[in-house]
$ cat input_0.cif   # mmCIF, C-alpha atoms
data_entry
#
loop_
_atom_site.group_PDB
_atom_site.id
_atom_site.type_symbol
_atom_site.label_atom_id
_atom_site.label_comp_id
_atom_site.auth_asym_id
_atom_site.auth_seq_id
_atom_site.Cartn_x
_atom_site.Cartn_y
_atom_site.Cartn_z
ATOM 1 C CA MET A 1 130.634 89.844 139.563
ATOM 2 C CA VAL A 2 128.964 89.422 136.177
ATOM 3 C CA SER A 3 126.810 86.591 137.487
ATOM 4 C CA ALA A 4 125.765 88.678 140.520
ATOM 5 C CA VAL A 5 124.752 91.572 138.273
ATOM 6 C CA ALA A 6 122.876 89.177 135.998
ATOM 7 C CA PHE A 7 121.011 87.598 138.910
ATOM 8 C CA LEU A 8 120.114 90.733 140.867
ATOM 9 C CA THR A 9 119.273 92.963 137.892
ATOM 10 C CA ILE A 10 117.968 92.758 134.335
ATOM 11 C CA VAL A 11 121.458 93.583 133.040
ATOM 12 C CA GLY A 12 123.541 90.754 131.591
ATOM 13 C CA ARG A 13 120.941 88.013 131.712
ATOM 14 C CA GLY A 14 122.239 84.561 130.814
ATOM 15 C CA SER A 15 125.258 84.364 133.135
ATOM 16 C CA THR A 16 125.136 81.212 135.279
ATOM 17 C CA PRO A 17 125.440 81.798 139.070
ATOM 18 C CA ASP A 18 127.972 79.817 141.075
ATOM 19 C CA ALA A 19 129.260 79.622 144.644
ATOM 20 C CA ARG A 20 131.274 82.845 144.233
ATOM 21 C CA THR A 21 128.342 84.922 142.995
ATOM 22 C CA MET A 22 127.111 86.040 146.408
ATOM 23 C CA ARG A 23 130.427 87.557 147.414
ATOM 24 C CA TRP A 24 129.561 90.320 144.905
ATOM 25 C CA PHE A 25 126.072 90.998 146.274
ATOM 26 C CA PRO A 26 127.239 93.936 148.469
ATOM 27 C CA ALA A 27 128.911 95.712 145.544
ATOM 28 C CA VAL A 28 125.974 95.167 143.224
ATOM 29 C CA GLY A 29 123.568 96.366 145.916
ATOM 30 C CA LEU A 30 125.632 99.516 146.457
ATOM 31 C CA VAL A 31 125.691 100.375 142.757
ATOM 32 C CA LEU A 32 122.030 99.509 142.269
ATOM 33 C CA GLY A 33 121.042 101.660 145.228
ATOM 34 C CA ALA A 34 123.107 104.555 143.891
ATOM 35 C CA VAL A 35 121.346 104.278 140.529
ATOM 36 C CA ILE A 36 117.905 104.231 142.184
ATOM 37 C CA GLY A 37 118.938 107.162 144.353
ATOM 38 C CA CYS A 38 119.979 109.134 141.262
ATOM 39 C CA VAL A 39 116.649 108.351 139.594
ATOM 40 C CA TRP A 40 114.914 109.656 142.718
ATOM 41 C CA TRP A 41 117.067 112.809 142.667
ATOM 42 C CA LEU A 42 116.412 113.509 138.990
ATOM 43 C CA ALA A 43 112.698 112.826 139.324
ATOM 44 C CA ASP A 44 112.467 115.079 142.385
ATOM 45 C CA ALA A 45 113.931 117.932 140.371
ATOM 46 C CA ALA A 46 111.129 117.629 137.816
ATOM 47 C CA PHE A 47 108.081 116.381 139.698
ATOM 48 C CA ALA A 48 106.223 116.615 142.989
ATOM 49 C CA PRO A 49 107.613 114.446 145.843
ATOM 50 C CA PHE A 50 104.978 111.703 145.567
ATOM 51 C CA LEU A 51 105.454 111.240 141.820
ATOM 52 C CA ALA A 52 109.236 111.336 142.195
ATOM 53 C CA ALA A 53 109.031 108.636 144.860
ATOM 54 C CA ALA A 54 106.744 106.498 142.695
ATOM 55 C CA LEU A 55 109.142 106.804 139.760
ATOM 56 C CA ALA A 56 112.082 105.756 141.959
ATOM 57 C CA VAL A 57 110.185 102.693 143.192
ATOM 58 C CA ALA A 58 109.157 101.870 139.619
ATOM 59 C CA ALA A 59 112.777 102.148 138.496
ATOM 60 C CA ASP A 60 113.815 99.739 141.240
ATOM 61 C CA LEU A 61 111.164 97.235 140.165
ATOM 62 C CA ALA A 62 112.244 97.542 136.544
ATOM 63 C CA LEU A 63 115.983 97.193 137.200
ATOM 64 C CA THR A 64 115.563 94.185 139.496
ATOM 65 C CA GLY A 65 113.023 92.475 137.262
ATOM 66 C CA MET A 66 110.710 92.377 140.310
ATOM 67 C CA LEU A 67 112.700 89.391 141.578
ATOM 68 C CA HIS A 68 112.440 90.356 145.241
ATOM 69 C CA VAL A 69 108.774 91.309 144.935
ATOM 70 C CA ASP A 70 108.066 87.813 143.665
ATOM 71 C CA GLY A 71 110.004 86.390 146.606
ATOM 72 C CA LEU A 72 108.018 88.458 149.083
ATOM 73 C CA ALA A 73 104.716 87.397 147.521
ATOM 74 C CA ASP A 74 105.592 83.697 147.562
ATOM 75 C CA SER A 75 107.013 83.913 151.083
ATOM 76 C CA ALA A 76 103.895 85.620 152.412
ATOM 77 C CA ASP A 77 101.679 82.994 150.801
ATOM 78 C CA GLY A 78 103.781 80.190 152.276
ATOM 79 C CA LEU A 79 104.808 81.490 155.692
ATOM 80 C CA LEU A 80 101.657 83.244 156.905
ATOM 81 C CA PRO A 81 98.796 80.703 156.512
ATOM 82 C CA HIS A 82 98.194 78.037 159.172
ATOM 83 C CA VAL A 83 99.364 74.973 157.234
ATOM 84 C CA ASP A 84 102.091 72.376 157.738
ATOM 85 C CA ARG A 85 105.670 72.697 156.528
ATOM 86 C CA ASP A 86 105.302 70.564 153.403
ATOM 87 C CA ARG A 87 102.240 72.530 152.343
ATOM 88 C CA ARG A 88 104.102 75.806 152.879
ATOM 89 C CA LEU A 89 106.926 74.707 150.567
ATOM 90 C CA ALA A 90 104.422 73.499 147.974
ATOM 91 C CA ILE A 91 102.577 76.828 148.042
ATOM 92 C CA MET A 92 105.833 78.755 147.606
ATOM 93 C CA ALA A 93 106.714 76.653 144.565
ATOM 94 C CA GLN A 94 103.468 77.486 142.774
ATOM 95 C CA PRO A 95 103.541 80.248 140.115
ATOM 96 C CA ASP A 96 100.326 81.953 141.194
ATOM 97 C CA ILE A 97 99.961 84.500 144.001
ATOM 98 C CA GLY A 98 97.376 84.347 146.775
ATOM 99 C CA ALA A 99 95.754 86.910 149.043
ATOM 100 C CA TYR A 100 98.649 86.948 151.510
ATOM 101 C CA GLY A 101 101.147 87.659 148.749
ATOM 102 C CA VAL A 102 99.072 90.388 147.103
ATOM 103 C CA THR A 103 98.509 92.086 150.448
ATOM 104 C CA ALA A 104 102.172 91.904 151.488
ATOM 105 C CA VAL A 105 103.417 93.311 148.181
ATOM 106 C CA GLY A 106 100.781 96.049 148.157
ATOM 107 C CA ILE A 107 101.674 97.176 151.670
ATOM 108 C CA ALA A 108 105.403 97.091 150.901
ATOM 109 C CA LEU A 109 105.063 99.211 147.763
ATOM 110 C CA LEU A 110 102.806 101.728 149.503
ATOM 111 C CA LEU A 111 105.264 102.066 152.376
ATOM 112 C CA ARG A 112 108.222 102.478 150.024
ATOM 113 C CA VAL A 113 106.548 105.216 147.999
ATOM 114 C CA GLY A 114 105.195 106.923 151.105
ATOM 115 C CA ALA A 115 108.559 106.851 152.876
ATOM 116 C CA LEU A 116 110.463 108.299 149.924
ATOM 117 C CA ALA A 117 107.807 110.962 149.335
ATOM 118 C CA SER A 118 108.003 112.160 152.937
ATOM 119 C CA MET A 119 111.755 112.732 153.199
ATOM 120 C CA PRO A 120 114.410 114.778 151.390
ATOM 121 C CA VAL A 121 116.198 113.072 148.520
ATOM 122 C CA ASP A 122 119.261 111.188 149.791
ATOM 123 C CA VAL A 123 121.234 109.082 147.326
ATOM 124 C CA GLY A 124 123.610 107.874 150.036
ATOM 125 C CA LEU A 125 120.788 106.507 152.156
ATOM 126 C CA ILE A 126 119.393 104.437 149.285
ATOM 127 C CA ALA A 127 122.836 103.190 148.241
ATOM 128 C CA GLY A 128 123.625 102.166 151.812
ATOM 129 C CA LEU A 129 120.344 100.385 152.481
ATOM 130 C CA TRP A 130 120.410 98.548 149.163
ATOM 131 C CA CYS A 131 124.010 97.455 149.863
ATOM 132 C CA ALA A 132 123.088 96.257 153.358
ATOM 133 C CA SER A 133 120.014 94.361 152.146
ATOM 134 C CA ARG A 134 121.878 92.442 149.424
ATOM 135 C CA SER A 135 124.712 91.755 151.858
ATOM 136 C CA ALA A 136 122.226 90.384 154.373
ATOM 137 C CA MET A 137 120.727 88.147 151.698
ATOM 138 C CA ALA A 138 124.143 86.634 151.054
ATOM 139 C CA LEU A 139 124.823 86.299 154.780
ATOM 140 C CA VAL A 140 121.542 84.491 155.386
ATOM 141 C CA ALA A 141 122.098 82.150 152.448
ATOM 142 C CA THR A 142 125.559 81.139 153.631
ATOM 143 C CA THR A 143 124.856 80.786 157.355
ATOM 144 C CA ARG A 144 121.346 79.302 157.545
ATOM 145 C CA PRO A 145 120.165 75.823 156.439
ATOM 146 C CA TYR A 146 118.460 75.436 153.084
ATOM 147 C CA ALA A 147 114.838 74.345 153.526
ATOM 148 C CA ARG A 148 114.343 72.337 150.336
ATOM 149 C CA ALA A 149 116.007 68.925 150.516
ATOM 150 C CA GLY A 150 115.875 68.488 146.746
ATOM 151 C CA GLY A 151 117.713 71.723 146.019
ATOM 152 C CA GLY A 152 116.437 74.851 144.339
ATOM 153 C CA LEU A 153 117.396 78.203 142.882
ATOM 154 C CA ALA A 154 119.473 79.352 145.864
ATOM 155 C CA SER A 155 121.473 76.119 146.081
ATOM 156 C CA ALA A 156 123.629 77.213 143.128
ATOM 157 C CA PHE A 157 125.064 80.024 145.283
ATOM 158 C CA LEU A 158 126.228 77.937 148.222
ATOM 159 C CA GLY A 159 129.669 76.601 149.041
ATOM 160 C CA ASP A 160 132.037 79.589 149.104
ATOM 161 C CA ARG A 161 133.573 79.884 152.588
ATOM 162 C CA SER A 162 134.644 83.502 152.155
ATOM 163 C CA THR A 163 131.143 84.820 151.430
ATOM 164 C CA PRO A 164 129.849 85.114 155.051
ATOM 165 C CA ALA A 165 132.712 87.431 156.074
ATOM 166 C CA ILE A 166 132.358 89.511 152.917
ATOM 167 C CA ALA A 167 128.592 89.724 153.376
ATOM 168 C CA ALA A 168 128.907 90.762 157.019
ATOM 169 C CA ALA A 169 131.367 93.456 156.006
ATOM 170 C CA GLY A 170 128.906 94.547 153.339
ATOM 171 C CA VAL A 171 126.200 95.126 155.949
ATOM 172 C CA VAL A 172 128.603 97.337 157.891
ATOM 173 C CA VAL A 173 129.671 99.233 154.771
ATOM 174 C CA GLY A 174 126.037 99.754 153.840
ATOM 175 C CA GLY A 175 125.345 101.149 157.291
ATOM 176 C CA VAL A 176 128.291 103.534 157.039
ATOM 177 C CA VAL A 177 127.178 104.781 153.618
ATOM 178 C CA ALA A 178 123.623 105.278 154.887
ATOM 179 C CA ALA A 179 124.950 107.141 157.941
ATOM 180 C CA VAL A 180 127.117 109.413 155.795
ATOM 181 C CA GLY A 181 124.106 110.196 153.659
ATOM 182 C CA ALA A 182 121.417 110.602 156.315
ATOM 183 C CA GLY A 183 123.203 110.877 159.659
ATOM 184 C CA ARG A 184 121.457 109.326 162.651
ATOM 185 C CA ALA A 185 118.442 108.542 160.478
ATOM 186 C CA GLY A 186 120.727 106.400 158.312
ATOM 187 C CA VAL A 187 122.093 104.593 161.361
ATOM 188 C CA ALA A 188 118.602 103.954 162.700
ATOM 189 C CA ALA A 189 117.428 102.799 159.270
ATOM 190 C CA THR A 190 120.257 100.271 159.035
ATOM 191 C CA VAL A 191 119.555 98.923 162.524
ATOM 192 C CA ALA A 192 115.875 98.616 161.626
ATOM 193 C CA LEU A 193 116.784 96.851 158.374
ATOM 194 C CA VAL A 194 118.858 94.276 160.236
ATOM 195 C CA ALA A 195 116.126 93.759 162.855
ATOM 196 C CA ALA A 196 113.449 93.284 160.197
ATOM 197 C CA ILE A 197 115.594 90.792 158.319
ATOM 198 C CA ALA A 198 116.275 88.888 161.541
ATOM 199 C CA ALA A 199 112.515 88.673 162.124
ATOM 200 C CA VAL A 200 111.872 87.280 158.629
ATOM 201 C CA VAL A 201 114.682 84.746 159.030
ATOM 202 C CA ALA A 202 113.360 83.690 162.442
ATOM 203 C CA LEU A 203 109.893 83.158 160.976
ATOM 204 C CA ALA A 204 111.317 81.117 158.097
ATOM 205 C CA ASP A 205 113.414 79.048 160.505
ATOM 206 C CA ARG A 206 110.384 78.319 162.640
ATOM 207 C CA ARG A 207 107.984 77.453 159.831
ATOM 208 C CA LEU A 208 110.290 75.999 157.165
ATOM 209 C CA GLY A 209 113.403 74.960 159.044
ATOM 210 C CA GLY A 210 115.581 77.259 156.952
ATOM 211 C CA PHE A 211 115.513 79.588 153.967
ATOM 212 C CA THR A 212 114.549 79.335 150.312
ATOM 213 C CA GLY A 213 115.220 81.598 147.350
ATOM 214 C CA ASP A 214 111.852 83.248 147.951
ATOM 215 C CA VAL A 215 112.756 83.928 151.563
ATOM 216 C CA LEU A 216 115.929 85.678 150.425
ATOM 217 C CA GLY A 217 113.849 87.944 148.205
ATOM 218 C CA ALA A 218 111.537 88.709 151.122
ATOM 219 C CA VAL A 219 114.544 89.401 153.340
ATOM 220 C CA GLY A 220 115.838 92.064 150.967
ATOM 221 C CA LEU A 221 112.519 93.774 150.297
ATOM 222 C CA VAL A 222 111.260 93.748 153.886
ATOM 223 C CA GLY A 223 114.595 94.987 155.211
ATOM 224 C CA GLU A 224 114.768 97.882 152.751
ATOM 225 C CA THR A 225 111.140 98.853 153.334
ATOM 226 C CA VAL A 226 111.431 98.932 157.114
ATOM 227 C CA GLY A 227 114.686 100.849 156.801
ATOM 228 C CA LEU A 228 113.050 103.460 154.569
ATOM 229 C CA VAL A 229 110.094 103.857 156.944
ATOM 230 C CA VAL A 230 112.419 104.411 159.915
ATOM 231 C CA ALA A 231 114.555 106.856 157.929
ATOM 232 C CA ALA A 232 111.398 108.814 157.057
ATOM 233 C CA ALA A 233 110.536 109.370 160.738
ATOM 234 C CA LYS A 234 110.603 112.955 162.057
ATOM 235 C CA TRP A 235 114.182 112.949 163.264
#

$ encode --input "input_0.cif" --output "C-alpha coordinates"
Amino acid sequence: MVSAVAFLTIVGRGSTPDARTMRWFPAVGLVLGAVIGCVWWLADAAFAPFLAAALAVAADLALTGMLHVDGLADSADGLLPHVDRDRRLAIMAQPDIGAYGVTAVGIALLLRVGALASMPVDVGLIAGLWCASRSAMALVATTRPYARAGGGLASAFLGDRSTPAIAAAGVVVGGVVAAVGAGRAGVAATVALVAAIAAVVALADRRLGGFTGDVLGAVGLVGETVGLVVAAAKW
(Lines of atoms letter the chains of each structure in order from A and count residues from 1; the text may use other names and numbers.)
(Lines give C-alpha, C1' and ligand atoms only; values in the text may rest on other atoms or scores of the structure.)
Protein backbone atom coordinates (compact mmCIF):
# COMPACT_ATOMS: atom_id res chain seq x y z
CA MET A 1 0.00 0.00 0.00
CA VAL A 2 2.88 2.36 0.74
CA SER A 3 4.07 2.19 -2.86
CA ALA A 4 0.54 2.92 -4.14
CA VAL A 5 0.27 5.97 -1.89
CA ALA A 6 3.72 7.11 -2.99
CA PHE A 7 2.86 6.73 -6.67
CA LEU A 8 -0.62 8.26 -6.68
CA THR A 9 0.08 11.11 -4.25
CA ILE A 10 2.90 13.36 -3.07
CA VAL A 11 2.96 11.48 0.25
CA GLY A 12 5.77 8.99 0.84
CA ARG A 13 7.79 9.65 -2.29
CA GLY A 14 10.69 7.26 -2.83
CA SER A 15 8.88 3.92 -2.46
CA THR A 16 9.50 1.68 -5.48
CA PRO A 17 6.33 0.33 -7.19
CA ASP A 18 6.02 -3.38 -7.89
CA ALA A 19 3.46 -5.81 -9.30
CA ARG A 20 1.37 -5.66 -6.10
CA THR A 21 1.10 -1.87 -6.04
CA MET A 22 -2.03 -1.61 -8.19
CA ARG A 23 -4.09 -3.86 -5.94
CA TRP A 24 -4.09 -0.89 -3.52
CA PHE A 25 -5.24 1.69 -6.07
CA PRO A 26 -8.94 1.40 -5.07
CA ALA A 27 -8.19 2.03 -1.39
CA VAL A 28 -5.88 4.94 -2.11
CA GLY A 29 -8.43 6.44 -4.50
CA LEU A 30 -11.17 6.15 -1.87
CA VAL A 31 -9.09 7.89 0.79
CA LEU A 32 -7.82 10.54 -1.61
CA GLY A 33 -11.34 11.28 -2.79
CA ALA A 34 -12.54 11.57 0.81
CA VAL A 35 -9.77 14.06 1.55
CA ILE A 36 -10.63 16.14 -1.53
CA GLY A 37 -14.30 15.97 -0.60
CA CYS A 38 -13.51 17.25 2.90
CA VAL A 39 -11.47 20.11 1.43
CA TRP A 40 -14.47 20.97 -0.74
CA TRP A 41 -16.78 20.84 2.29
CA LEU A 42 -14.55 23.05 4.42
CA ALA A 43 -13.99 25.53 1.60
CA ASP A 44 -17.73 25.69 0.88
CA ALA A 45 -18.36 26.67 4.48
CA ALA A 46 -16.05 29.68 4.11
CA PHE A 47 -16.29 30.78 0.48
CA ALA A 48 -18.66 31.15 -2.44
CA PRO A 49 -19.36 27.93 -4.43
CA PHE A 50 -17.05 28.77 -7.35
CA LEU A 51 -14.07 29.54 -5.12
CA ALA A 52 -14.74 26.47 -2.99
CA ALA A 53 -14.79 24.32 -6.12
CA ALA A 54 -11.56 25.88 -7.39
CA LEU A 55 -9.86 25.22 -4.06
CA ALA A 56 -10.99 21.57 -4.12
CA VAL A 57 -9.62 21.11 -7.64
CA ALA A 58 -6.38 22.83 -6.62
CA ALA A 59 -6.08 20.53 -3.61
CA ASP A 60 -6.50 17.51 -5.88
CA LEU A 61 -3.78 18.77 -8.21
CA ALA A 62 -1.47 19.41 -5.27
CA LEU A 63 -2.03 16.04 -3.57
CA THR A 64 -1.59 14.05 -6.79
CA GLY A 65 1.42 16.04 -7.94
CA MET A 66 -0.51 16.69 -11.18
CA LEU A 67 0.44 13.19 -12.32
CA HIS A 68 -2.84 12.51 -14.10
CA VAL A 69 -2.95 15.99 -15.64
CA ASP A 70 0.43 15.30 -17.20
CA GLY A 71 -0.89 11.99 -18.51
CA LEU A 72 -3.93 13.66 -20.05
CA ALA A 73 -1.78 16.32 -21.72
CA ASP A 74 0.65 13.79 -23.20
CA SER A 75 -2.17 11.48 -24.28
CA ALA A 76 -4.02 14.29 -26.03
CA ASP A 77 -0.86 15.34 -27.85
CA GLY A 78 -0.19 11.76 -28.94
CA LEU A 79 -3.64 10.33 -29.61
CA LEU A 80 -5.44 13.23 -31.29
CA PRO A 81 -3.16 14.39 -34.17
CA HIS A 82 -3.20 12.57 -37.52
CA VAL A 83 0.19 10.86 -37.33
CA ASP A 84 1.37 7.24 -37.36
CA ARG A 85 1.71 5.02 -34.30
CA ASP A 86 5.46 5.42 -33.85
CA ARG A 87 5.15 9.19 -34.03
CA ARG A 88 2.35 9.13 -31.45
CA LEU A 89 4.52 7.22 -28.98
CA ALA A 90 7.45 9.56 -29.63
CA ILE A 91 5.28 12.62 -29.00
CA MET A 92 3.99 11.16 -25.73
CA ALA A 93 7.55 10.56 -24.55
CA GLN A 94 8.56 14.19 -25.03
CA PRO A 95 8.58 16.47 -21.95
CA ASP A 96 6.92 19.44 -23.61
CA ILE A 97 3.17 19.95 -24.11
CA GLY A 98 1.50 20.89 -27.38
CA ALA A 99 -1.75 22.59 -28.31
CA TYR A 100 -3.82 19.41 -27.98
CA GLY A 101 -2.53 18.81 -24.46
CA VAL A 102 -3.03 22.39 -23.29
CA THR A 103 -6.56 22.44 -24.68
CA ALA A 104 -7.51 19.07 -23.16
CA VAL A 105 -6.19 20.00 -19.71
CA GLY A 106 -7.82 23.44 -19.83
CA ILE A 107 -11.21 21.99 -20.73
CA ALA A 108 -10.93 19.29 -18.06
CA LEU A 109 -10.08 21.76 -15.30
CA LEU A 110 -12.86 24.13 -16.33
CA LEU A 111 -15.39 21.30 -16.33
CA ARG A 112 -14.23 20.03 -12.94
CA VAL A 113 -14.50 23.44 -11.30
CA GLY A 114 -17.79 24.20 -13.02
CA ALA A 115 -19.32 20.86 -12.05
CA LEU A 116 -18.35 21.16 -8.39
CA ALA A 117 -19.51 24.78 -8.23
CA SER A 118 -22.96 23.88 -9.57
CA MET A 119 -23.87 21.11 -7.14
CA PRO A 120 -24.20 20.68 -3.36
CA VAL A 121 -21.12 19.49 -1.52
CA ASP A 122 -21.01 15.68 -1.41
CA VAL A 123 -17.96 14.00 0.09
CA GLY A 124 -19.30 10.53 -0.70
CA LEU A 125 -19.65 11.31 -4.38
CA ILE A 126 -16.03 12.45 -4.67
CA ALA A 127 -14.73 9.51 -2.63
CA GLY A 128 -16.68 7.06 -4.79
CA LEU A 129 -15.65 8.53 -8.14
CA TRP A 130 -12.00 8.80 -7.14
CA CYS A 131 -12.07 5.17 -5.95
CA ALA A 132 -13.70 4.01 -9.20
CA SER A 133 -11.25 5.96 -11.38
CA ARG A 134 -8.13 4.55 -9.69
CA SER A 135 -9.67 1.08 -9.76
CA ALA A 136 -10.33 1.44 -13.47
CA MET A 137 -6.73 2.51 -14.03
CA ALA A 138 -5.53 -0.69 -12.39
CA LEU A 139 -8.05 -2.77 -14.33
CA VAL A 140 -6.96 -1.29 -17.65
CA ALA A 141 -3.28 -1.79 -16.85
CA THR A 142 -3.75 -5.46 -15.99
CA THR A 143 -6.14 -6.45 -18.78
CA ARG A 144 -4.95 -4.48 -21.82
CA PRO A 145 -1.66 -4.85 -23.76
CA TYR A 146 1.18 -2.45 -23.05
CA ALA A 147 1.93 -0.29 -26.09
CA ARG A 148 5.66 0.29 -25.61
CA ALA A 149 7.72 -2.77 -26.54
CA GLY A 150 10.75 -1.49 -24.65
CA GLY A 151 8.90 -1.08 -21.37
CA GLY A 152 8.08 2.08 -19.48
CA LEU A 153 6.75 3.51 -16.24
CA ALA A 154 3.63 1.33 -16.11
CA SER A 155 5.51 -1.91 -16.76
CA ALA A 156 6.70 -1.99 -13.13
CA PHE A 157 3.09 -2.54 -12.01
CA LEU A 158 2.29 -5.56 -14.14
CA GLY A 159 2.31 -9.24 -13.25
CA ASP A 160 0.01 -9.66 -10.24
CA ARG A 161 -2.85 -12.02 -11.18
CA SER A 162 -5.11 -10.92 -8.33
CA THR A 163 -5.18 -7.25 -9.33
CA PRO A 164 -7.88 -7.42 -12.07
CA ALA A 165 -10.46 -8.92 -9.68
CA ILE A 166 -9.58 -6.45 -6.94
CA ALA A 167 -9.72 -3.54 -9.38
CA ALA A 168 -13.09 -4.63 -10.76
CA ALA A 169 -14.42 -4.87 -7.22
CA GLY A 170 -13.03 -1.41 -6.57
CA VAL A 171 -15.07 0.05 -9.43
CA VAL A 172 -18.20 -1.48 -7.92
CA VAL A 173 -17.34 -0.24 -4.42
CA GLY A 174 -16.70 3.23 -5.81
CA GLY A 175 -20.09 3.18 -7.50
CA VAL A 176 -21.81 2.12 -4.28
CA VAL A 177 -20.09 4.88 -2.28
CA ALA A 178 -21.03 7.46 -4.92
CA ALA A 179 -24.63 6.20 -4.90
CA VAL A 180 -24.83 6.40 -1.10
CA GLY A 181 -23.56 9.94 -1.26
CA ALA A 182 -25.52 11.29 -4.23
CA GLY A 183 -28.28 8.78 -4.95
CA ARG A 184 -29.23 8.29 -8.60
CA ALA A 185 -26.85 11.09 -9.58
CA GLY A 186 -24.02 9.03 -8.08
CA VAL A 187 -25.11 5.94 -10.00
CA ALA A 188 -25.33 7.89 -13.25
CA ALA A 189 -21.95 9.51 -12.58
CA THR A 190 -20.30 6.13 -12.08
CA VAL A 191 -21.84 4.73 -15.27
CA ALA A 192 -20.65 7.82 -17.15
CA LEU A 193 -17.17 7.43 -15.64
CA VAL A 194 -16.93 3.84 -16.86
CA ALA A 195 -18.23 4.78 -20.32
CA ALA A 196 -15.75 7.64 -20.65
CA ILE A 197 -12.87 5.42 -19.59
CA ALA A 198 -13.96 2.75 -22.08
CA ALA A 199 -13.90 5.40 -24.83
CA VAL A 200 -10.36 6.51 -23.92
CA VAL A 201 -9.16 2.90 -23.81
CA ALA A 202 -10.79 2.17 -27.18
CA LEU A 203 -9.05 5.19 -28.71
CA ALA A 204 -5.70 4.12 -27.26
CA ASP A 205 -6.21 0.56 -28.51
CA ARG A 206 -6.98 1.81 -31.99
CA ARG A 207 -4.15 4.31 -32.27
CA LEU A 208 -1.43 2.76 -30.09
CA GLY A 209 -2.35 -0.90 -29.86
CA GLY A 210 -2.61 -0.71 -26.08
CA PHE A 211 -2.04 1.58 -23.12
CA THR A 212 0.86 3.57 -21.71
CA GLY A 213 1.39 5.24 -18.35
CA ASP A 214 0.12 8.49 -19.86
CA VAL A 215 -3.03 6.78 -21.06
CA LEU A 216 -3.69 5.55 -17.52
CA GLY A 217 -3.46 9.13 -16.27
CA ALA A 218 -5.88 10.25 -18.97
CA VAL A 219 -8.23 7.40 -18.07
CA GLY A 220 -8.45 8.56 -14.46
CA LEU A 221 -8.85 12.27 -15.17
CA VAL A 222 -11.31 11.92 -18.04
CA GLY A 223 -13.41 9.41 -16.13
CA GLU A 224 -13.63 11.60 -13.03
CA THR A 225 -14.40 14.73 -15.05
CA VAL A 226 -17.21 13.14 -17.04
CA GLY A 227 -18.59 11.63 -13.85
CA LEU A 228 -18.62 15.03 -12.14
CA VAL A 229 -20.35 16.68 -15.11
CA VAL A 230 -23.08 14.02 -15.13
CA ALA A 231 -23.51 14.27 -11.36
CA ALA A 232 -23.94 18.04 -11.71
CA ALA A 233 -26.91 17.64 -14.09
CA LYS A 234 -30.32 18.86 -12.89
CA TRP A 235 -31.51 15.58 -11.43

$ resolve_selection --input "input_0.cif" --expression "the PyMOL selection byres ((chain A and resi 235) around 9)" --output "list in words"
Arg184, Ala185, Ala231, Ala232, Ala233 and Lys234 of chain A

$ residues_around --input "input_0.cif" --residues "segment 50-56 of chain A" --least-positions-apart "3" --cutoff "12 Å" --atoms "only C-alpha atoms" --output "PyMOL selection string"
chain A and resi 32-47+59-63+109-123+126+228

$ resolve_selection --input "input_0.cif" --expression "the PyMOL selection byres ((chain A and resi 208) around 12)" --output "PDB file with C-alpha atoms, in the frame of the given file"
ATOM      1  CA  SER A  75     107.013  83.913 151.083  1.00  0.00           C
ATOM      2  CA  GLY A  78     103.781  80.190 152.276  1.00  0.00           C
ATOM      3  CA  LEU A  79     104.808  81.490 155.692  1.00  0.00           C
ATOM      4  CA  LEU A  80     101.657  83.244 156.905  1.00  0.00           C
ATOM      5  CA  VAL A  83      99.364  74.973 157.234  1.00  0.00           C
ATOM      6  CA  ASP A  84     102.091  72.376 157.738  1.00  0.00           C
ATOM      7  CA  ARG A  85     105.670  72.697 156.528  1.00  0.00           C
ATOM      8  CA  ASP A  86     105.302  70.564 153.403  1.00  0.00           C
ATOM      9  CA  ARG A  87     102.240  72.530 152.343  1.00  0.00           C
ATOM     10  CA  ARG A  88     104.102  75.806 152.879  1.00  0.00           C
ATOM     11  CA  LEU A  89     106.926  74.707 150.567  1.00  0.00           C
ATOM     12  CA  ALA A  90     104.422  73.499 147.974  1.00  0.00           C
ATOM     13  CA  ILE A  91     102.577  76.828 148.042  1.00  0.00           C
ATOM     14  CA  MET A  92     105.833  78.755 147.606  1.00  0.00           C
ATOM     15  CA  ARG A 144     121.346  79.302 157.545  1.00  0.00           C
ATOM     16  CA  PRO A 145     120.165  75.823 156.439  1.00  0.00           C
ATOM     17  CA  TYR A 146     118.460  75.436 153.084  1.00  0.00           C
ATOM     18  CA  ALA A 147     114.838  74.345 153.526  1.00  0.00           C
ATOM     19  CA  ARG A 148     114.343  72.337 150.336  1.00  0.00           C
ATOM     20  CA  ALA A 149     116.007  68.925 150.516  1.00  0.00           C
ATOM     21  CA  VAL A 200     111.872  87.280 158.629  1.00  0.00           C
ATOM     22  CA  VAL A 201     114.682  84.746 159.030  1.00  0.00           C
ATOM     23  CA  ALA A 202     113.360  83.690 162.442  1.00  0.00           C
ATOM     24  CA  LEU A 203     109.893  83.158 160.976  1.00  0.00           C
ATOM     25  CA  ALA A 204     111.317  81.117 158.097  1.00  0.00           C
ATOM     26  CA  ASP A 205     113.414  79.048 160.505  1.00  0.00           C
ATOM     27  CA  ARG A 206     110.384  78.319 162.640  1.00  0.00           C
ATOM     28  CA  ARG A 207     107.984  77.453 159.831  1.00  0.00           C
ATOM     29  CA  GLY A 209     113.403  74.960 159.044  1.00  0.00           C
ATOM     30  CA  GLY A 210     115.581  77.259 156.952  1.00  0.00           C
ATOM     31  CA  PHE A 211     115.513  79.588 153.967  1.00  0.00           C
ATOM     32  CA  THR A 212     114.549  79.335 150.312  1.00  0.00           C
ATOM     33  CA  ASP A 214     111.852  83.248 147.951  1.00  0.00           C
ATOM     34  CA  VAL A 215     112.756  83.928 151.563  1.00  0.00           C
TER      35      VAL A 215
END

$ closest_residue --input "input_0.cif" --among "A:Pro164, A:Gly128, A:Gly227, A:Gly65" --to "Val176 of chain A" --atoms "all atoms listed in the file"
A:Gly128

$ residues_around --input "input_0.cif" --residues "Tyr100 of chain A" --least-positions-apart "4" --cutoff "9 Å" --atoms "only C-alpha atoms" --output "list in words"
Ala73, Asp74, Ser75, Ala76, Asp77, Gly78, Leu80, Pro81, Ala104 and Val105 of chain A

$ residues_near_point --input "input_0.cif" --point "(122.8, 92.5, 154.6)" --cutoff "10 Å" --atoms "all atoms listed in the file" --output "ChimeraX atom specification"
/A:25-26,29,129-140,167-175,190,193-194,197,219-220,223-224

$ atom_distance --input "input_0.cif" --atom1 "atom CA of Ala195 of chain A" --atom2 "atom CA of Gly98 of chain A"
26.4 Å

$ closest_residue --input "input_0.cif" --among "A:Ile166, A:Ala99, A:Ala58, A:Ala199" --to "Met22 of chain A" --atoms "all atoms listed in the file"
A:Ile166

$ atom_distance --input "input_0.cif" --atom1 "atom CA of Met66 of chain A" --atom2 "atom CA of Ala218 of chain A"
11.4 Å

$ closest_residue --input "input_0.cif" --among "A:Ala141, A:Ser3, A:Asp96, A:Pro49" --to "Asp18 of chain A" --atoms "all atoms listed in the file"
A:Ser3

$ residues_around --input "input_0.cif" --residues "Val177 of chain A" --least-positions-apart "5" --cutoff "8 Å" --atoms "only C-alpha atoms" --output "number ranges by chain"
A: 124-125, 127-128

$ closest_residue --input "input_0.cif" --among "A:His82, A:Ala189, A:Gly217, A:Leu72" --to "Val230 of chain A" --atoms "all atoms listed in the file"
A:Ala189

$ atom_distance --input "input_0.cif" --atom1 "atom CA of Val5 of chain A" --atom2 "atom CA of Trp24 of chain A"
8.3 Å

$ closest_residue --input "input_0.cif" --among "A:Val57, A:Thr103, A:Val191, A:Ala198" --to "Ala178 of chain A" --atoms "only C-alpha atoms"
A:Val191

$ closest_residue --input "input_0.cif" --among "A:Thr142, A:Ala188, A:Ala179, A:Thr225" --to "Thr21 of chain A" --atoms "only C-alpha atoms"
A:Thr142
